[in-house]
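> Next up is a structure, given as structure tokens.
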Amino acid sequence: MEKEELNKIIEKIESENSKEKAFFGIHYVDAGDELFIKANKYGLELFANELLKASRNADEIIQNSEKNILTFDPKEKWITSDIWLAYIEPKADNRIDINDKPYKKKWKDKIFEYGCLTIVGIGIIVFIAGIFAIISWFR
């Protein structure tokens with residue numbers, strides 16, 4: 001998108017959303033490694049607005065070697081996170097598909113695979129030998 005288009009969207013979001021009603025937060029579940037977003041419509045749109053600002057200013061931020069990040073204002077009352085996002089760091093690089101490179105098994109993978117199969121095989125042999133030993137007690 002062009003900067004003019006982004007500016008129009010940003011202005012519209014800022015004019016139509018009340019920061020007093022908005023809340024947006026990234027929280028974590030105490031019993032696990034899960035993160036989730038808790039927000040209302042206004043908070044989601046204000047957060048999207050921050051991302052749009054980062055997109056609009058990305059080229060300038062990338063070219064500036066001194067300040068190459070876009071920070072969030074920690075005093076914003078609408079941000080109510082357990083986990084605080086400090087900044088956005090735009091990068092000029094394109095995403096690299098991990099799926100483009102097929103995974104090659106390394107020697108450690110092969111040893112682990114055959115080692116597990118060997119342990120399972122020994123376990124089965126020991127189990128069968130134990131069954132025969134128990135049967136021989138009753139003869």
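Here, A, B, ... name the chains of the structure tokens in the order displayed, residue numbers run from 1 inside each chain, and ligands are numbered from 1 in the same displayed order.
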Tell me which protein, DNA and RNA residues are within 9 Å of Tyr42 (chain A), counting only C-alpha atoms, leaving out same-chain ones fewer than 3 positions away, and put them as a ChimeraX atom specification.
/A:16-19,21-24,39,45-47
> Could you list, as a PyMOL selection string, every residue within 8 Å of Ile10 (chain A), counting only C-alpha atoms and ignoring same-chain residues fewer than 3 positions away?
chain A and resi 6-7+13-14+49+52-53
> Could you name the residues that touch Ile61 (chain A) at 12 Å or less, counting only C-alpha atoms, but leaving out those on the same chain fewer than 3 positions away, as a list in words?
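Listed by chain and then number, they are Lys53, Ala54, Ser55, Arg56, Asn57, Ala58, Asn64, Ser65, Glu66, Lys67, Asn68, Ile69, Leu70, Thr71, Ile88, Glu89, Pro90, Lys91 and Ala92 of chain A.
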> Could those selected residues go to a file with all heavy atoms, as a compact mmCIF listing (two decimals), in the first residue's frame?

```
# COMPACT_ATOMS: atom_id res chain seq x y z
N LYS A 53 1.09 1.88 11.25
CA LYS A 53 2.10 2.94 11.38
C LYS A 53 3.50 2.37 11.15
O LYS A 53 4.34 2.99 10.51
CB LYS A 53 2.02 3.60 12.76
CG LYS A 53 0.83 4.48 12.96
CD LYS A 53 0.85 5.05 14.37
CE LYS A 53 -0.39 5.85 14.68
NZ LYS A 53 -0.40 6.33 16.09
N ALA A 54 3.73 1.17 11.71
CA ALA A 54 5.04 0.53 11.51
C ALA A 54 5.25 0.21 10.04
O ALA A 54 6.35 0.39 9.51
CB ALA A 54 5.13 -0.74 12.35
N SER A 55 4.20 -0.24 9.37
CA SER A 55 4.30 -0.53 7.94
C SER A 55 4.58 0.74 7.15
O SER A 55 5.41 0.74 6.23
CB SER A 55 3.01 -1.18 7.46
OG SER A 55 3.03 -1.36 6.08
N ARG A 56 3.89 1.81 7.50
CA ARG A 56 4.05 3.08 6.80
C ARG A 56 5.48 3.61 6.95
O ARG A 56 6.08 4.11 6.01
CB ARG A 56 3.05 4.10 7.35
CG ARG A 56 3.20 5.49 6.77
CD ARG A 56 2.34 6.48 7.49
NE ARG A 56 2.81 6.62 8.88
CZ ARG A 56 2.13 7.26 9.82
NH1 ARG A 56 0.96 7.79 9.57
NH2 ARG A 56 2.61 7.35 11.04
N ASN A 57 6.06 3.46 8.13
CA ASN A 57 7.38 4.03 8.42
C ASN A 57 8.51 3.02 8.27
O ASN A 57 9.66 3.34 8.60
CB ASN A 57 7.39 4.60 9.83
CG ASN A 57 6.36 5.68 10.02
OD1 ASN A 57 5.98 6.37 9.08
ND2 ASN A 57 5.88 5.84 11.24
N ALA A 58 8.21 1.83 7.79
CA ALA A 58 9.22 0.76 7.76
C ALA A 58 10.45 1.13 6.95
O ALA A 58 11.58 0.91 7.39
CB ALA A 58 8.60 -0.53 7.21
N ASN A 64 17.46 4.10 8.68
CA ASN A 64 18.06 4.84 9.77
C ASN A 64 18.85 3.86 10.65
O ASN A 64 18.28 3.00 11.31
CB ASN A 64 16.97 5.54 10.60
CG ASN A 64 17.54 6.45 11.67
OD1 ASN A 64 18.74 6.48 11.90
ND2 ASN A 64 16.67 7.18 12.31
N SER A 65 20.17 3.99 10.67
CA SER A 65 21.00 3.05 11.42
C SER A 65 20.97 3.32 12.92
O SER A 65 21.26 2.42 13.71
CB SER A 65 22.45 3.11 10.92
OG SER A 65 22.97 4.41 11.11
N GLU A 66 20.62 4.53 13.34
CA GLU A 66 20.60 4.85 14.76
C GLU A 66 19.33 4.34 15.44
O GLU A 66 19.38 3.73 16.50
CB GLU A 66 20.73 6.36 14.98
CG GLU A 66 22.10 6.89 14.59
CD GLU A 66 22.19 8.40 14.75
OE1 GLU A 66 21.33 8.98 15.43
OE2 GLU A 66 23.12 8.97 14.18
N LYS A 67 18.19 4.63 14.85
CA LYS A 67 16.92 4.19 15.44
C LYS A 67 16.23 3.27 14.44
O LYS A 67 15.51 3.71 13.57
CB LYS A 67 16.02 5.38 15.77
CG LYS A 67 14.77 4.95 16.49
CD LYS A 67 13.85 6.10 16.79
CE LYS A 67 12.61 5.54 17.48
NZ LYS A 67 11.52 6.46 17.51
N ASN A 68 16.48 1.97 14.59
CA ASN A 68 15.92 1.02 13.64
C ASN A 68 14.74 0.24 14.23
O ASN A 68 14.46 -0.88 13.82
CB ASN A 68 16.99 0.05 13.15
CG ASN A 68 17.67 -0.67 14.28
OD1 ASN A 68 17.39 -0.42 15.44
ND2 ASN A 68 18.56 -1.57 13.94
N ILE A 69 14.07 0.83 15.21
CA ILE A 69 12.89 0.20 15.80
C ILE A 69 11.78 1.23 15.95
O ILE A 69 12.02 2.44 15.93
CB ILE A 69 13.21 -0.42 17.18
CG1 ILE A 69 13.70 0.64 18.17
CG2 ILE A 69 14.18 -1.57 17.06
CD1 ILE A 69 13.86 0.16 19.59
N LEU A 70 10.56 0.74 16.10
CA LEU A 70 9.40 1.59 16.37
C LEU A 70 8.88 1.16 17.75
O LEU A 70 8.44 0.03 17.92
CB LEU A 70 8.33 1.39 15.30
CG LEU A 70 7.06 2.20 15.49
CD1 LEU A 70 7.33 3.67 15.18
CD2 LEU A 70 5.95 1.68 14.62
N THR A 71 8.96 2.04 18.71
CA THR A 71 8.59 1.68 20.08
C THR A 71 7.11 1.92 20.34
O THR A 71 6.49 2.76 19.71
CB THR A 71 9.41 2.50 21.11
OG1 THR A 71 9.19 3.88 20.88
CG2 THR A 71 10.88 2.19 21.00
N ILE A 88 8.68 -2.69 17.64
CA ILE A 88 8.63 -3.43 16.38
C ILE A 88 9.93 -3.14 15.65
O ILE A 88 10.35 -1.99 15.57
CB ILE A 88 7.43 -2.98 15.51
CG1 ILE A 88 6.12 -3.28 16.21
CG2 ILE A 88 7.48 -3.66 14.15
CD1 ILE A 88 4.91 -2.71 15.49
N GLU A 89 10.55 -4.17 15.14
CA GLU A 89 11.81 -4.01 14.42
C GLU A 89 11.59 -4.42 12.96
O GLU A 89 11.65 -5.60 12.63
CB GLU A 89 12.90 -4.87 15.06
CG GLU A 89 14.24 -4.69 14.42
CD GLU A 89 15.31 -5.52 15.11
OE1 GLU A 89 15.04 -6.15 16.15
OE2 GLU A 89 16.44 -5.52 14.61
N PRO A 90 11.32 -3.47 12.09
CA PRO A 90 11.13 -3.81 10.68
C PRO A 90 12.42 -4.32 10.05
O PRO A 90 13.51 -3.85 10.37
CB PRO A 90 10.70 -2.49 10.03
CG PRO A 90 10.33 -1.61 11.15
CD PRO A 90 11.11 -2.06 12.34
N LYS A 91 12.29 -5.27 9.16
CA LYS A 91 13.43 -5.83 8.45
C LYS A 91 13.17 -5.77 6.95
O LYS A 91 12.04 -5.88 6.50
CB LYS A 91 13.65 -7.30 8.85
CG LYS A 91 14.05 -7.49 10.29
CD LYS A 91 15.43 -6.97 10.48
CE LYS A 91 15.93 -7.24 11.88
NZ LYS A 91 17.21 -6.63 12.13
N ALA A 92 14.22 -5.61 6.19
CA ALA A 92 14.10 -5.53 4.73
C ALA A 92 14.09 -6.91 4.09
O ALA A 92 13.73 -7.06 2.94
CB ALA A 92 15.25 -4.70 4.16
```
> Would you list, as a list in words, the residues of chain A that end up in strand (DSSP E or B) under DSSP run on this structure's backbone?
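So, restricting chain A to strand (DSSP E or B), we get Phe24, Gly25, Ile26, His27, Tyr28, Leu35, Phe36, Ile37, Lys38, Ala39, Leu70, Thr71, Ile79, Ile83, Tyr87 and Ile88 of chain A.
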> So that I have them on file, write out the residues from the current selection with N, CA and C atoms, as a short mmCIF file (atom, residue, chain, number, x, y, z; two decimals), in the first residue's frame.

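Written file, part_22.cif:
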```
data_model
loop_
_atom_site.label_atom_id
_atom_site.label_comp_id
_atom_site.auth_asym_id
_atom_site.auth_seq_id
_atom_site.Cartn_x
_atom_site.Cartn_y
_atom_site.Cartn_z
N PHE A 24 -6.39 -3.77 25.01
CA PHE A 24 -5.69 -4.79 24.22
C PHE A 24 -4.56 -5.33 25.08
N GLY A 25 -4.47 -6.63 25.18
CA GLY A 25 -3.39 -7.20 25.97
C GLY A 25 -3.01 -8.58 25.49
N ILE A 26 -1.74 -8.88 25.61
CA ILE A 26 -1.23 -10.22 25.33
C ILE A 26 -0.98 -10.85 26.70
N HIS A 27 -1.62 -11.97 26.93
CA HIS A 27 -1.56 -12.62 28.24
C HIS A 27 -1.09 -14.05 28.07
N TYR A 28 -0.71 -14.67 29.18
CA TYR A 28 -0.28 -16.05 29.14
C TYR A 28 -1.11 -16.88 30.11
N LEU A 35 -0.01 -18.36 24.83
CA LEU A 35 -0.25 -16.93 24.87
C LEU A 35 -1.58 -16.67 24.18
N PHE A 36 -2.28 -15.64 24.63
CA PHE A 36 -3.52 -15.29 23.96
C PHE A 36 -3.71 -13.79 24.04
N ILE A 37 -4.55 -13.28 23.14
CA ILE A 37 -4.87 -11.85 23.11
C ILE A 37 -6.24 -11.66 23.71
N LYS A 38 -6.33 -10.72 24.64
CA LYS A 38 -7.61 -10.34 25.22
C LYS A 38 -7.83 -8.88 24.84
N ALA A 39 -8.87 -8.62 24.07
CA ALA A 39 -9.09 -7.25 23.59
C ALA A 39 -10.54 -7.08 23.17
N LEU A 70 10.56 0.74 16.10
CA LEU A 70 9.40 1.59 16.37
C LEU A 70 8.88 1.16 17.75
N THR A 71 8.96 2.04 18.71
CA THR A 71 8.59 1.68 20.08
C THR A 71 7.11 1.92 20.34
N ILE A 79 -3.38 -0.43 26.50
CA ILE A 79 -2.55 -1.63 26.44
C ILE A 79 -2.49 -2.22 27.85
N ILE A 83 2.30 -9.50 29.07
CA ILE A 83 3.54 -9.48 28.30
C ILE A 83 3.56 -8.19 27.52
N TYR A 87 8.75 -3.03 21.26
CA TYR A 87 8.99 -2.36 19.99
C TYR A 87 8.74 -3.30 18.82
N ILE A 88 8.68 -2.69 17.64
CA ILE A 88 8.63 -3.43 16.38
C ILE A 88 9.93 -3.14 15.65
#
```
